[in-house]
Amino acid sequence: MRSILKRLGSLASLARPLALTFIGIVLLSLGVAYFVIVLYHDAALPGIFYYLTLQFLPRWTRGEVLLVSGLAVLGAGIWQLSGVVVIPLTAQANAAREMVLGYRQISAPQIAIIAGGPGLLRMVSLGRQAARLTCITPIQDPVEYYYRASSLSNVENVLYLVPTPAHVQVYVELDDGTRRSIKEPIAPHEQLAAHHAVAILLQRQSDEDGPLPVFPQVLDVLGNADAIILGPGSLFGSILPNLLIPEVSTAIRRSRARTIYVCNLMTEPGLTTGFSVADHIRQIVRVGGFSPNYVLVNAQRIEPEVRRIYEAAHQKPVYLAPEEYEETIVSATDRVTAHEVIVEGAVVIEADLAAAVVQLTASLDQPGESRAVQVLRHDPEKLTAAILAILQRS
């Protein structure tokens, strides 16, 4: 009730013009009614007017129906009018000199994120636009790390949750039949780069049996979210493991939230080698049982120097393959110009989402030495703008 009164209170400065408009409409309606009465007495009207004017009802009933209908329409009009803001053109409040600007009143959304460690920390700034930003950490990571790291960003409304209290290891099966832990280092060599993951599984560190326990807070967050964001982060290392928990994937499927998948910028040697955008989406469908509503794909041109660095590590940009879609829709906002296509049931939006940053890397052979290289990372501001543009869609 308080929120309704607050919204209607925005019309206080329009009370006088609204009252005059209402009186004018009433007088205009009386005039039209008198003309209709005269026509009924002096002219032969088509039979449809008998029904339009409710002649088949008693007069008192007609009046009640018209009054209730009029009040309903008037109330709807006033409610829509309360969705605009009135800004005086001068410093003094002058009802005769006001400007009315239309705007959409959008309440701050509840957002849940399932992403990798660095991805979660990049998305923390999205908490400024949300009523609550809940980060569901990768299943194998301790939550304490995120609270310590996020304390540097000083953003409120951000909560970190671990999906399960159980100690779990994540393993992937490669296309050659071998199995390895997701935590094993990925060395950039030819043998590993030639393979990709075909399956993923969870294994408890203890001998406990039965279903994997899930914190109920995680299921509540997913069920009440307005948006569920998958990524940015490793597909097999950070996103799919949480979807392997049946209760988590079921909660996402049942949720009314918009699901947004932030596709990887580059392929991962030994995991997603040769994967296109559609291949990433198919893995989510296979493991989670749902196709994201939207998929964000970076369409930025990659500088030759940055591309050479990734090619040396056997990584390639993740782009849309032309054969994966049939129709393209171009849309634009004040901050994002995007190309949209339908792939695997998801609306894929191509936009500028990344930025090249300088990062210090150390050699395994010479740990004491480091060098500065350019790497590609999701840009928090660009990503936030793209996500908010999706959430503001009707």
# chains A, B, ... in the order shown; residues from 1 in each chain; ligands from 1
call {"tool": "residues_around", "arguments": {"residues": "Val198 of chain A", "least_positions_apart": "6", "cutoff": "6 Å", "atoms": "only C-alpha atoms", "output": "PyMOL selection string"}}
result
chain A and resi 173-175
call {"tool": "select_by_dssp", "arguments": {"residues": "segment 202-315 of chain A", "states": "alpha helix (DSSP H)", "output": "ChimeraX atom specification"}}
result
/A:216-224,240-243,246-254,277-288,304-312
call {"tool": "closest_residue", "arguments": {"among": "A:Leu219, A:Leu67, A:Leu45, A:Leu383", "to": "Val124 of chain A", "atoms": "only C-alpha atoms"}}
result
A:Leu383
call {"tool": "select_by_dssp", "arguments": {"residues": "segment 180-359 of chain A", "states": "strand (DSSP E or B)", "output": "number ranges by chain"}}
result
A: 180-181, 196-204, 227-230, 258-262, 266, 272, 294-298, 317, 328-332, 337-343, 346-351, 354-359
call {"tool": "residues_around", "arguments": {"residues": "Thr137 of chain A", "least_positions_apart": "3", "cutoff": "9 Å", "atoms": "only C-alpha atoms", "output": "JSON, numbers by chain"}}
result
{"A": [113, 114, 115, 116, 117, 120, 140, 141, 142, 143, 146, 160, 161, 162, 163, 238, 242]}
call {"tool": "residues_around", "arguments": {"residues": "segment 300-308 of chain A", "least_positions_apart": "3", "cutoff": "8 Å", "atoms": "only C-alpha atoms", "output": "list in words"}}
result
Glu311, Ala312, Lys316, Ala351, Asp352, Leu353, Ala354, Ala356, Gln374, Val375 and Leu376 of chain A
call {"tool": "atom_distance", "arguments": {"atom1": "atom CA of Val373 of chain A", "atom2": "atom CA of Asn154 of chain A"}}
result
28.4 Å
call {"tool": "residues_around", "arguments": {"residues": "segment 24-34 of chain A", "least_positions_apart": "6", "cutoff": "12 Å", "atoms": "only C-alpha atoms", "output": "list in words"}}
result
Pro17, Leu18, Tyr40, His41, Thr53, Leu66, Leu67, Gly70 and Leu74 of chain A
call {"tool": "atom_distance", "arguments": {"atom1": "atom CA of Ala321 of chain A", "atom2": "atom CA of Ser276 of chain A"}}
result
6.7 Å
call {"tool": "closest_residue", "arguments": {"among": "A:Gly288, A:Gly127, A:Pro46, A:Gly77", "to": "Leu230 of chain A", "atoms": "only C-alpha atoms"}}
result
A:Gly288
call {"tool": "closest_residue", "arguments": {"among": "A:Gly75, A:Gly289, A:Gly47, A:Pro165", "to": "Leu243 of chain A", "atoms": "only C-alpha atoms"}}
result
A:Gly289
call {"tool": "residues_around", "arguments": {"residues": "segment 294-299 of chain A", "least_positions_apart": "3", "cutoff": "7 Å", "atoms": "only C-alpha atoms", "output": "list in words"}}
result
Thr259, Ile260, Tyr261, Val262, Cys263, Leu265, Ala346, Val347, Val348, Ile349, Glu350, Ala351, Asp352, Leu353 and Ala354 of chain A
call {"tool": "atom_distance", "arguments": {"atom1": "atom CA of Ile281 of chain A", "atom2": "atom CA of Arg128 of chain A"}}
result
28.6 Å
call {"tool": "closest_residue", "arguments": {"among": "A:Pro185, A:Pro380, A:Pro109, A:Pro246", "to": "Ala227 of chain A", "atoms": "only C-alpha atoms"}}
result
A:Pro109
call {"tool": "residues_around", "arguments": {"residues": "segment 208-214 of chain A", "least_positions_apart": "3", "cutoff": "12 Å", "atoms": "only C-alpha atoms", "output": "list in words"}}
result
Ile136, Ile139, Leu161, Val162, Pro163, Thr164, Pro165, Ala166, His167, Val168, Leu202, Gln203, Arg204, Gln205, Gln217, Val218, Leu219, Asp220, Asn242, Leu243, Leu244, Ile245, Pro246, Glu247, Val248, Ser249 and Ala251 of chain A
